[in-house]
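Enquirer: File follows, upload-v4.cif with mmCIF, C-alpha atoms:
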```
data_protein
#
loop_
_atom_site.label_atom_id
_atom_site.label_comp_id
_atom_site.auth_asym_id
_atom_site.auth_seq_id
_atom_site.Cartn_x
_atom_site.Cartn_y
_atom_site.Cartn_z
CA MET A 1 112.41 77.93 126.71
CA ALA A 2 113.60 74.77 124.96
CA ALA A 3 110.11 73.87 123.82
CA VAL A 4 109.89 76.81 121.45
CA THR A 5 113.32 76.67 119.82
CA SER A 6 113.18 75.90 116.11
CA VAL A 7 113.54 72.33 115.03
CA ASP A 8 115.02 70.79 111.92
CA HIS A 9 111.75 69.42 110.61
CA ASP A 10 113.17 67.30 107.77
CA ARG A 11 115.57 65.42 109.97
CA ASP A 12 113.18 64.90 112.87
CA ARG A 13 109.90 64.22 111.10
CA ASP A 14 110.11 60.43 111.27
CA ARG A 15 111.84 60.22 114.59
CA VAL A 16 109.77 62.54 116.76
CA PRO A 17 106.62 63.42 114.87
CA LYS A 18 104.57 63.65 118.06
CA GLN A 19 106.94 66.02 119.83
CA ASP A 20 107.11 68.04 116.64
CA ARG A 21 103.36 68.39 116.37
CA SER A 22 103.22 69.31 120.04
CA ARG A 23 105.81 72.02 119.49
CA ALA A 24 103.96 73.41 116.51
CA THR A 25 100.71 73.46 118.49
CA ARG A 26 102.37 75.23 121.38
CA GLN A 27 103.84 77.83 119.05
CA ARG A 28 100.50 78.43 117.32
CA LEU A 29 98.88 78.94 120.72
CA LEU A 30 101.54 81.43 121.82
CA GLU A 31 101.26 83.47 118.65
CA ALA A 32 97.46 83.45 118.77
CA ALA A 33 97.60 84.53 122.43
CA VAL A 34 99.73 87.59 121.68
CA ALA A 35 97.53 88.59 118.75
CA CYS A 36 94.41 88.14 120.87
CA LEU A 37 95.79 90.18 123.76
CA ALA A 38 96.90 92.95 121.41
CA GLU A 39 93.49 93.15 119.74
CA HIS A 40 91.04 92.48 122.55
CA GLY A 41 92.89 93.26 125.76
CA TRP A 42 93.01 91.09 128.87
CA ALA A 43 89.23 91.09 129.44
CA GLY A 44 88.64 89.66 125.95
CA SER A 45 91.46 87.11 126.13
CA THR A 46 90.65 83.63 127.43
CA VAL A 47 92.16 80.20 126.77
CA SER A 48 89.05 79.24 124.75
CA VAL A 49 89.24 82.28 122.47
CA VAL A 50 92.94 81.63 121.82
CA ALA A 51 92.41 77.89 121.23
CA GLU A 52 89.76 78.65 118.63
CA ARG A 53 91.95 81.25 116.95
CA ALA A 54 94.86 78.78 116.81
CA GLY A 55 92.63 75.97 115.51
CA VAL A 56 93.40 73.83 118.54
CA SER A 57 90.95 72.05 120.88
CA ARG A 58 90.40 73.57 124.29
CA GLY A 59 91.70 70.37 125.88
CA ALA A 60 94.93 70.50 123.90
CA ALA A 61 95.37 74.16 124.84
CA GLN A 62 94.92 73.32 128.51
CA HIS A 63 97.38 70.46 128.22
CA HIS A 64 100.04 73.00 127.18
CA PHE A 65 98.89 75.83 129.45
CA PRO A 66 96.87 74.79 132.51
CA THR A 67 95.84 78.34 133.39
CA ARG A 68 95.03 81.57 131.57
CA GLU A 69 97.97 83.22 133.37
CA ASP A 70 100.34 80.48 132.13
CA LEU A 71 99.25 80.96 128.53
CA PHE A 72 99.49 84.73 128.33
CA THR A 73 102.70 85.24 130.29
CA ALA A 74 104.36 82.46 128.22
CA ALA A 75 103.08 84.13 125.05
CA VAL A 76 104.48 87.55 125.87
CA GLU A 77 107.79 85.98 126.89
CA TYR A 78 107.98 83.92 123.71
CA VAL A 79 107.39 86.87 121.40
CA ALA A 80 109.79 89.05 123.42
CA GLU A 81 112.49 86.39 122.93
CA GLU A 82 111.78 86.23 119.21
CA ARG A 83 112.19 90.00 118.98
CA SER A 84 115.40 89.96 121.03
CA THR A 85 116.85 87.40 118.64
CA ALA A 86 115.74 89.48 115.66
CA ILE A 87 117.30 92.71 116.94
CA ARG A 88 120.63 90.97 117.63
CA ALA A 89 120.52 89.54 114.09
CA LEU A 90 120.13 93.09 112.71
CA PHE A 91 123.56 94.02 114.08
CA PRO A 92 125.69 90.90 113.67
CA GLU A 93 128.92 92.80 114.20
CA GLY A 94 127.85 93.12 117.83
CA THR A 95 129.04 96.67 118.48
CA ALA A 96 127.81 100.03 117.39
CA GLY A 97 128.71 101.26 113.98
CA ASP A 98 125.63 103.42 113.72
CA ARG A 99 124.12 104.36 117.10
CA ARG A 100 121.14 106.09 115.47
CA ALA A 101 120.17 102.77 113.85
CA VAL A 102 120.58 100.90 117.16
CA VAL A 103 118.42 103.42 119.05
CA ALA A 104 115.75 103.21 116.33
CA ALA A 105 115.75 99.40 116.53
CA LEU A 106 115.52 99.49 120.35
CA VAL A 107 112.62 101.93 120.15
CA ASP A 108 110.90 99.64 117.63
CA LEU A 109 110.88 96.89 120.28
CA PHE A 110 108.22 98.97 122.04
CA THR A 111 105.82 99.20 119.11
CA GLY A 112 103.55 96.75 117.34
CA PRO A 113 101.46 93.83 118.60
CA LEU A 114 104.04 92.62 121.15
CA PHE A 115 104.10 95.95 122.94
CA ARG A 116 100.30 96.26 122.81
CA ALA A 117 99.95 92.75 124.21
CA ALA A 118 102.53 93.35 126.95
CA LEU A 119 100.89 96.64 127.86
CA HIS A 120 97.47 95.03 128.24
CA LEU A 121 98.98 92.33 130.43
CA TRP A 122 100.88 94.90 132.46
CA VAL A 123 97.88 97.11 133.12
CA ALA A 124 95.67 94.12 133.95
CA ALA A 125 98.32 92.87 136.38
CA SER A 126 98.17 96.14 138.27
CA ASP A 127 94.58 95.30 139.29
CA GLU A 128 94.68 91.49 139.51
CA GLU A 129 96.48 89.84 142.38
CA GLN A 130 96.65 86.52 140.57
CA LEU A 131 98.45 87.99 137.59
CA ARG A 132 100.66 90.54 139.29
CA PRO A 133 103.62 88.45 140.57
CA ARG A 134 103.83 86.55 137.27
CA VAL A 135 103.92 89.70 135.17
CA THR A 136 106.27 91.51 137.55
CA GLU A 137 108.74 88.65 137.28
CA LEU A 138 108.32 88.42 133.50
CA GLU A 139 108.85 92.15 133.01
CA ALA A 140 111.98 92.09 135.13
CA ARG A 141 113.41 89.23 133.06
CA VAL A 142 112.52 90.78 129.70
CA GLY A 143 113.75 94.18 130.92
CA ARG A 144 117.15 92.79 131.95
CA GLU A 145 117.56 91.12 128.55
CA THR A 146 116.62 94.32 126.70
CA HIS A 147 119.11 96.26 128.81
CA ARG A 148 121.83 93.70 128.01
CA ILE A 149 121.10 94.01 124.28
CA ALA A 150 121.21 97.80 124.44
CA VAL A 151 124.56 97.81 126.26
CA GLU A 152 126.04 95.40 123.74
CA LEU A 153 124.76 97.04 120.58
CA LEU A 154 125.59 100.56 121.75
CA ALA A 155 129.05 99.39 122.89
CA ALA A 156 128.37 101.13 126.22
CA ASP A 157 130.96 100.85 128.98
CA GLU A 158 128.89 100.42 132.15
CA SER A 159 131.95 100.65 134.38
CA ARG A 160 131.90 104.40 133.70
CA PRO A 161 129.71 106.39 136.14
CA GLY A 162 126.30 107.33 134.75
CA VAL A 163 126.42 105.03 131.72
CA ARG A 164 124.07 102.45 133.24
CA GLU A 165 121.50 105.15 134.05
CA THR A 166 121.92 106.69 130.60
CA ILE A 167 120.94 103.38 128.99
CA GLN A 168 118.08 102.85 131.46
CA GLY A 169 116.69 106.31 130.67
CA LEU A 170 116.95 105.57 126.96
CA LEU A 171 114.88 102.40 127.39
CA ASP A 172 112.36 104.27 129.53
CA MET A 173 112.09 106.80 126.69
CA ALA A 174 111.56 103.95 124.23
CA ARG A 175 108.76 102.60 126.43
CA GLY A 176 107.17 106.03 126.66
CA LEU A 177 107.34 106.42 122.89
CA GLY A 178 105.60 103.05 122.57
CA LEU A 179 102.79 104.29 124.79
CA ALA A 180 102.49 107.49 122.74
CA ASN A 181 102.04 105.36 119.63
CA LEU A 182 99.13 103.39 121.06
CA LEU A 183 96.25 105.58 119.91
CA THR A 184 97.74 107.44 116.95
CA ASP A 185 100.48 106.81 114.44
CA ASP A 186 103.30 108.71 116.07
CA ARG A 187 106.03 107.68 113.62
CA GLY A 188 107.06 111.12 112.36
CA ARG A 189 107.54 112.58 115.83
CA ARG A 190 109.19 109.38 117.05
CA GLU A 191 111.83 109.51 114.31
CA ARG A 192 112.76 113.09 115.17
CA VAL A 193 113.01 112.27 118.89
CA VAL A 194 115.13 109.20 118.10
CA THR A 195 117.53 111.26 115.97
CA GLN A 196 117.96 113.85 118.69
CA TRP A 197 118.32 111.42 121.59
CA ALA A 198 120.71 109.23 119.60
CA SER A 199 122.95 112.27 119.23
CA LEU A 200 122.68 113.12 122.97
CA LEU A 201 123.54 109.49 123.69
CA ASP A 202 126.46 109.47 121.32
CA ALA A 203 127.93 112.46 123.13
CA ALA A 204 127.25 110.90 126.55
CA LEU A 205 128.71 107.49 125.70
CA GLY A 206 131.75 108.92 123.95
CA MET B 1 86.88 124.56 132.98
CA ALA B 2 85.11 127.35 134.82
CA ALA B 3 82.82 124.95 136.64
CA VAL B 4 85.63 123.50 138.70
CA THR B 5 87.49 126.64 139.70
CA SER B 6 87.47 127.27 143.38
CA VAL B 7 84.80 129.50 144.82
CA ASP B 8 84.80 131.84 147.78
CA HIS B 9 82.25 129.89 149.76
CA ASP B 10 81.66 132.46 152.50
CA ARG B 11 80.88 135.27 150.13
CA ASP B 12 78.76 133.26 147.71
CA ARG B 13 76.82 130.99 150.05
CA ASP B 14 73.70 133.11 150.20
CA ARG B 15 73.79 134.38 146.67
CA VAL B 16 74.40 131.22 144.65
CA PRO B 17 74.02 128.28 146.97
CA LYS B 18 72.63 126.05 144.24
CA GLN B 19 75.45 126.64 141.78
CA ASP B 20 77.87 126.13 144.62
CA ARG B 21 76.42 122.82 145.59
CA SER B 22 76.40 121.78 141.96
CA ARG B 23 80.08 122.64 141.63
CA ALA B 24 80.97 120.71 144.75
CA THR B 25 79.00 117.70 143.50
CA ARG B 26 80.74 117.86 140.14
CA GLN B 27 84.13 118.02 141.79
CA ARG B 28 83.36 115.09 144.08
CA LEU B 29 82.30 113.05 141.06
CA LEU B 30 85.50 113.89 139.15
CA GLU B 31 87.73 112.97 142.04
CA ALA B 32 85.83 109.73 142.71
CA ALA B 33 86.05 108.87 139.01
CA VAL B 34 89.84 109.18 138.92
CA ALA B 35 90.23 107.13 142.10
CA CYS B 36 87.86 104.48 140.75
CA LEU B 37 89.67 104.25 137.40
CA ALA B 38 93.05 104.02 139.13
CA GLU B 39 91.88 101.24 141.44
CA HIS B 40 89.54 99.18 139.29
CA GLY B 41 90.44 99.96 135.69
CA TRP B 42 88.02 100.82 132.90
CA ALA B 43 86.06 97.56 133.13
CA GLY B 44 85.25 98.23 136.80
CA SER B 45 84.46 101.91 136.35
CA THR B 46 80.86 102.88 135.68
CA VAL B 47 78.83 106.00 136.40
CA SER B 48 76.89 104.10 139.12
CA VAL B 49 80.03 102.96 140.93
CA VAL B 50 81.42 106.50 140.89
CA ALA B 51 78.13 108.06 141.99
CA GLU B 52 78.00 105.72 144.97
CA ARG B 53 81.62 106.43 145.86
CA ALA B 54 80.98 110.17 145.69
CA GLY B 55 77.78 109.89 147.72
CA VAL B 56 75.70 111.33 144.88
CA SER B 57 72.54 109.90 143.32
CA ARG B 58 72.87 108.24 139.95
CA GLY B 59 70.46 110.82 138.48
CA ALA B 60 72.55 113.72 139.75
CA ALA B 61 75.68 112.10 138.32
CA GLN B 62 74.00 111.73 134.94
CA HIS B 63 72.83 115.32 135.05
CA HIS B 64 76.50 116.37 135.21
CA PHE B 65 77.87 113.67 132.93
CA PRO B 66 75.37 112.15 130.49
CA THR B 67 77.71 109.31 129.43
CA ARG B 68 80.40 107.17 130.98
CA GLU B 69 82.89 108.59 128.45
CA ASP B 70 81.96 112.15 129.49
CA LEU B 71 82.59 111.41 133.15
CA PHE B 72 85.94 109.67 132.85
CA THR B 73 87.55 111.90 130.23
CA ALA B 74 86.45 114.98 132.22
CA ALA B 75 87.88 113.41 135.37
CA VAL B 76 91.30 112.72 133.88
CA GLU B 77 91.37 116.21 132.39
CA TYR B 78 90.38 117.81 135.68
CA VAL B 79 93.08 116.06 137.69
CA ALA B 80 95.68 116.72 134.99
CA GLU B 81 94.85 120.43 135.22
CA GLU B 82 95.14 120.33 139.00
CA ARG B 83 98.58 118.76 138.70
CA SER B 84 99.70 121.25 136.04
CA THR B 85 98.73 124.08 138.36
CA ALA B 86 100.57 122.41 141.23
CA ILE B 87 103.82 121.93 139.30
CA ARG B 88 103.81 125.55 138.15
CA ALA B 89 103.31 126.60 141.76
CA LEU B 90 106.40 124.61 142.77
CA PHE B 91 108.57 126.87 140.63
CA PRO B 92 107.04 130.32 140.97
CA GLU B 93 110.11 132.03 139.53
CA GLY B 94 109.12 130.55 136.17
CA THR B 95 112.57 129.64 134.91
CA ALA B 96 115.06 126.99 135.82
CA GLY B 97 117.26 127.49 138.79
CA ASP B 98 117.62 123.80 139.46
CA ARG B 99 116.99 121.65 136.38
CA ARG B 100 117.33 118.41 138.38
CA ALA B 101 114.38 119.48 140.54
CA VAL B 102 112.30 120.41 137.47
CA VAL B 103 112.99 117.08 135.76
CA ALA B 104 112.08 115.23 138.97
CA ALA B 105 108.80 117.18 139.23
CA LEU B 106 107.96 116.51 135.57
CA VAL B 107 108.66 112.79 136.04
CA ASP B 108 106.40 112.82 139.11
CA LEU B 109 103.51 113.94 136.90
CA PHE B 110 103.57 110.41 135.48
CA THR B 111 103.20 108.60 138.79
CA GLY B 112 100.38 108.13 141.28
CA PRO B 113 96.64 107.74 140.83
CA LEU B 114 96.35 110.25 137.96
CA PHE B 115 98.83 108.37 135.82
CA ARG B 116 97.26 105.02 136.68
CA ALA B 117 93.82 106.37 135.81
CA ALA B 118 95.03 107.92 132.56
CA LEU B 119 96.82 104.72 131.61
CA HIS B 120 93.69 102.63 132.15
CA LEU B 121 91.70 105.05 130.04
CA TRP B 122 94.38 105.09 127.35
CA VAL B 123 94.65 101.32 127.08
CA ALA B 124 90.85 100.91 127.08
CA ALA B 125 90.59 103.52 124.31
CA SER B 126 92.91 101.47 122.12
CA ASP B 127 90.23 98.75 121.96
CA GLU B 128 87.02 100.78 122.19
CA GLU B 129 85.90 102.82 119.22
CA GLN B 130 83.53 104.92 121.34
CA LEU B 131 86.28 106.03 123.69
CA ARG B 132 89.18 106.36 121.28
CA PRO B 133 88.61 109.80 119.67
CA ARG B 134 87.78 111.35 123.05
CA VAL B 135 90.92 110.05 124.71
CA THR B 136 93.12 110.82 121.70
CA GLU B 137 91.96 114.41 121.79
CA LEU B 138 92.34 114.63 125.58
CA GLU B 139 95.87 113.19 125.51
CA ALA B 140 96.92 115.62 122.79
CA ARG B 141 95.62 118.56 124.85
CA VAL B 142 97.19 117.41 128.11
CA GLY B 143 100.41 116.54 126.26
CA ARG B 144 100.69 120.03 124.74
CA GLU B 145 100.19 121.62 128.14
CA THR B 146 102.81 119.38 129.76
CA HIS B 147 105.25 120.24 126.97
CA ARG B 148 104.59 123.96 127.50
CA ILE B 149 105.27 123.62 131.22
CA ALA B 150 108.50 121.70 130.60
CA VAL B 151 109.79 124.31 128.14
CA GLU B 152 108.98 127.13 130.56
CA LEU B 153 110.39 125.55 133.72
CA LEU B 154 113.55 124.29 131.99
CA ALA B 155 114.02 127.69 130.30
CA ALA B 156 114.47 125.83 127.01
CA ASP B 157 114.94 127.82 123.82
CA GLU B 158 112.93 125.92 121.23
CA SER B 159 114.17 128.12 118.40
CA ARG B 160 117.46 126.19 118.65
CA PRO B 161 117.57 123.01 116.54
CA GLY B 162 116.97 119.81 118.48
CA VAL B 163 115.68 121.47 121.66
CA ARG B 164 112.02 120.66 120.94
CA GLU B 165 112.88 116.98 120.38
CA THR B 166 115.09 116.93 123.49
CA ILE B 167 112.11 118.02 125.60
CA GLN B 168 109.75 115.61 123.84
CA GLY B 169 112.15 112.73 124.50
CA LEU B 170 112.38 113.78 128.16
CA LEU B 171 108.60 113.63 128.50
CA ASP B 172 108.53 110.26 126.74
CA MET B 173 111.14 109.07 129.24
CA ALA B 174 108.96 110.38 132.08
CA ARG B 175 105.98 108.45 130.68
CA GLY B 176 108.10 105.28 130.37
CA LEU B 177 109.30 105.69 133.96
CA GLY B 178 105.66 105.99 135.03
CA LEU B 179 104.88 102.71 133.32
CA ALA B 180 107.87 101.03 134.98
CA ASN B 181 106.46 102.13 138.36
CA LEU B 182 103.06 100.52 137.80
CA LEU B 183 103.75 97.07 139.24
CA THR B 184 106.66 97.70 141.59
CA ASP B 185 108.00 100.65 143.54
CA ASP B 186 110.67 101.86 141.13
CA ARG B 187 111.64 104.99 143.08
CA GLY B 188 115.32 104.21 143.66
CA ARG B 189 116.08 103.47 140.04
CA ARG B 190 113.94 106.39 138.87
CA GLU B 191 115.90 108.86 140.99
CA ARG B 192 119.21 107.71 139.57
CA VAL B 193 117.90 107.91 136.00
CA VAL B 194 116.51 111.39 136.69
CA THR B 195 119.85 112.59 138.08
CA GLN B 196 121.78 111.30 135.09
CA TRP B 197 119.40 112.57 132.40
CA ALA B 198 118.99 115.94 134.13
CA SER B 199 122.73 116.37 133.79
CA LEU B 200 122.75 115.28 130.12
CA LEU B 201 119.84 117.62 129.52
CA ASP B 202 121.56 120.49 131.26
CA ALA B 203 124.51 120.10 128.88
CA ALA B 204 122.19 119.83 125.86
CA LEU B 205 120.07 122.87 126.74
CA GLY B 206 123.07 125.04 127.57
#
```
As structure tokens, please, write out the structure in this file.
Expert:
Amino acid sequence: MAAVTSVDHDRDRDRVPKQDRSRATRQRLLEAAVACLAEHGWAGSTVSVVAERAGVSRGAAQHHFPTREDLFTAAVEYVAEERSTAIRALFPEGTAGDRRAVVAALVDLFTGPLFRAALHLWVAASDEEQLRPRVTELEARVGRETHRIAVELLAADESRPGVRETIQGLLDMARGLGLANLLTDDRGRRERVVTQWASLLDAALG
Amino acid sequence: MAAVTSVDHDRDRDRVPKQDRSRATRQRLLEAAVACLAEHGWAGSTVSVVAERAGVSRGAAQHHFPTREDLFTAAVEYVAEERSTAIRALFPEGTAGDRRAVVAALVDLFTGPLFRAALHLWVAASDEEQLRPRVTELEARVGRETHRIAVELLAADESRPGVRETIQGLLDMARGLGLANLLTDDRGRRERVVTQWASLLDAALG
């Protein structure tokens, strides 16, 4: 998504001020959309509500995102990409020194406003034909990227039998832990489960 | 929930026909409520819609369940109890002969209409103050019962360090697999993950 990559503002201000402003507007809309979805769910999330929250006119919002589906799927994808970048930055050495820390960071991907927003979108898509193919495709893409990150950071060798499924199960567990955290603060239990599963994983991955 | 236990209709018909009819009505309402929630989500699930689906008058429905929250939390609890009973019945010997089969059955608890209904209720509760404490309490109760079943059927010794967290992580994984199945049929992948984690679990539980 080239339109949301960061820009060197100082250098570009005079040359492309319009494109710059457009990028900033787009980014504000995406962030407002995720926050709105996380707080109010799909039913309470419309282009107008997000435009107001972002301080942008409805017309400008619709210029960037013609439909409600465009806005909210782009928003979840944008924040997912931001979080992918952030988790890679946490482990710049690329491979696993400390698998417990990697598992904890992977599990953290499934908490907070992004996960709440994605969950609302996901559940809404299960009932709405218009939303379903978009979200299915988005989830597959985000899921593949998360799997890739997990394999890299855990230094897992997927050519060995069972390793791929071990990582998949770990990410399913992370998703389930995210769901368990939705209504109550589940941090204490989550940390104990992470410690135990990180040690099972360590043994399984060798 | 004494009111929903099965009744020997032949024996009781003459003696307590009214209570019998009332029980049958209640049960029809609970089953219609879960189906409605699974298909239409929280926003599309009202007492009137369920009453119509169950072929019961709105007044009769409200006699059994004064509020919308009463009806839907009771419905999810009722179906969860039915499924708990069913999974215990699958393994009458009580302990684990075949851990792969037990893990598969536990994972199955988080698929189908019950899981969809519970998920809709759960996500709605995260935004609605009126629903939240009810669903939090319900989830805790159902979660404890599911954990108890898993410990029993896997013959897990929770006095050993890490075993409790191993089982908790397994149930989180099952919940995450359920979520992954919401938009697409994830059966093939799920079976491979179940096979792999059942074998890791077998090693961990001894």
Enquirer: Could you please select, counting all atoms listed in the file, the residues of chain A within 8 Å of chain B and state them as a ChimeraX atom specification?
Expert: /A:39-41,119-120,122-123,125-127,132,136,162,165-166,168-177,179-180,182-184,192-194,196-197,200,204
Enquirer: In Å to one decimal, how far is atom CA of Pro113 of chain A from atom CA of Pro66 of chain A?
Expert: 24.0 Å
Enquirer: List as a list in words: which residues have an atom within 6 Å of (121.5, 92.1, 120.9), counting all atoms listed in the file?
Expert: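 Taken together, the residues in range are Ile87, Arg88, Ile149 and Leu153 of chain A.
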Enquirer: Residues picked by the PyMOL selection byres ((chain B and resi 47) around 9) here, as an mmCIF file with C-alpha atoms, keeping the file's coordinate frame?
Expert:
```cif
data_model
loop_
_atom_site.group_PDB
_atom_site.id
_atom_site.type_symbol
_atom_site.label_atom_id
_atom_site.label_comp_id
_atom_site.auth_asym_id
_atom_site.auth_seq_id
_atom_site.Cartn_x
_atom_site.Cartn_y
_atom_site.Cartn_z
ATOM 1 C CA ALA B 33 86.050 108.870 139.010
ATOM 2 C CA SER B 45 84.460 101.910 136.350
ATOM 3 C CA THR B 46 80.860 102.880 135.680
ATOM 4 C CA SER B 48 76.890 104.100 139.120
ATOM 5 C CA VAL B 49 80.030 102.960 140.930
ATOM 6 C CA VAL B 50 81.420 106.500 140.890
ATOM 7 C CA ALA B 51 78.130 108.060 141.990
ATOM 8 C CA GLU B 52 78.000 105.720 144.970
ATOM 9 C CA ARG B 58 72.870 108.240 139.950
ATOM 10 C CA ALA B 61 75.680 112.100 138.320
ATOM 11 C CA GLN B 62 74.000 111.730 134.940
ATOM 12 C CA PHE B 65 77.870 113.670 132.930
ATOM 13 C CA THR B 67 77.710 109.310 129.430
ATOM 14 C CA ARG B 68 80.400 107.170 130.980
ATOM 15 C CA LEU B 71 82.590 111.410 133.150
ATOM 16 C CA PHE B 72 85.940 109.670 132.850
#
```
Enquirer: Which RMSD value, in Å, describes how well chain A fits onto chain B when all C-alpha atoms are paired in order and fitted by least squares?
Expert: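 Once chain A is overlaid on chain B, the RMSD is 0.1 Å.
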Enquirer: Please compute the atom CA of Ala32 of chain A-atom CA of Val102 of chain A distance, one decimal, in Å.
Expert: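 If I compute the distance from atom CA of Ala32 of chain A to atom CA of Val102 of chain A, I get 29.0 Å.
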Enquirer: Only N, CA and C atoms, please: segment 44-60 of chain B from the block, as an mmCIF file, in the first residue's frame.
Expert:
```cif
data_model
loop_
_atom_site.group_PDB
_atom_site.id
_atom_site.type_symbol
_atom_site.label_atom_id
_atom_site.label_comp_id
_atom_site.auth_asym_id
_atom_site.auth_seq_id
_atom_site.Cartn_x
_atom_site.Cartn_y
_atom_site.Cartn_z
ATOM 1 N N GLY B 44 -29.832 -8.548 14.927
ATOM 2 C CA GLY B 44 -31.039 -9.096 14.327
ATOM 3 C C GLY B 44 -31.795 -10.056 15.232
ATOM 4 N N SER B 45 -31.384 -10.120 16.492
ATOM 5 C CA SER B 45 -31.985 -11.098 17.402
ATOM 6 C C SER B 45 -32.781 -10.405 18.511
ATOM 7 N N THR B 46 -34.084 -10.485 18.397
ATOM 8 C CA THR B 46 -34.954 -9.924 19.438
ATOM 9 C C THR B 46 -35.879 -11.020 19.951
ATOM 10 N N VAL B 47 -36.526 -10.740 21.076
ATOM 11 C CA VAL B 47 -37.459 -11.715 21.652
ATOM 12 C C VAL B 47 -38.592 -12.010 20.656
ATOM 13 N N SER B 48 -39.076 -10.971 19.960
ATOM 14 C CA SER B 48 -40.180 -11.166 19.000
ATOM 15 C C SER B 48 -39.782 -12.098 17.863
ATOM 16 N N VAL B 49 -38.596 -11.867 17.303
ATOM 17 C CA VAL B 49 -38.131 -12.703 16.195
ATOM 18 C C VAL B 49 -38.022 -14.162 16.635
ATOM 19 N N VAL B 50 -37.489 -14.366 17.839
ATOM 20 C CA VAL B 50 -37.324 -15.731 18.344
ATOM 21 C C VAL B 50 -38.680 -16.373 18.630
ATOM 22 N N ALA B 51 -39.590 -15.606 19.222
ATOM 23 C CA ALA B 51 -40.926 -16.135 19.533
ATOM 24 C C ALA B 51 -41.599 -16.619 18.249
ATOM 25 N N GLU B 52 -41.500 -15.790 17.204
ATOM 26 C CA GLU B 52 -42.119 -16.166 15.933
ATOM 27 C C GLU B 52 -41.483 -17.443 15.378
ATOM 28 N N ARG B 53 -40.180 -17.493 15.434
ATOM 29 C CA ARG B 53 -39.452 -18.661 14.923
ATOM 30 C C ARG B 53 -39.822 -19.934 15.681
ATOM 31 N N ALA B 54 -40.065 -19.773 16.983
ATOM 32 C CA ALA B 54 -40.398 -20.930 17.817
ATOM 33 C C ALA B 54 -41.891 -21.251 17.778
ATOM 34 N N GLY B 55 -42.673 -20.409 17.115
ATOM 35 C CA GLY B 55 -44.113 -20.609 17.068
ATOM 36 C C GLY B 55 -44.788 -20.410 18.420
ATOM 37 N N VAL B 56 -44.317 -19.408 19.139
ATOM 38 C CA VAL B 56 -44.796 -19.125 20.499
ATOM 39 C C VAL B 56 -45.233 -17.656 20.508
ATOM 40 N N SER B 57 -46.261 -17.332 21.299
ATOM 41 C CA SER B 57 -46.673 -15.926 21.349
ATOM 42 C C SER B 57 -45.612 -15.098 22.066
ATOM 43 N N ARG B 58 -45.604 -13.809 21.747
ATOM 44 C CA ARG B 58 -44.612 -12.930 22.364
ATOM 45 C C ARG B 58 -44.802 -12.902 23.890
ATOM 46 N N GLY B 59 -46.075 -12.921 24.316
ATOM 47 C CA GLY B 59 -46.370 -12.907 25.752
ATOM 48 C C GLY B 59 -45.818 -14.140 26.454
ATOM 49 N N ALA B 60 -45.991 -15.293 25.812
ATOM 50 C CA ALA B 60 -45.482 -16.536 26.402
ATOM 51 C C ALA B 60 -43.964 -16.491 26.483
#
```
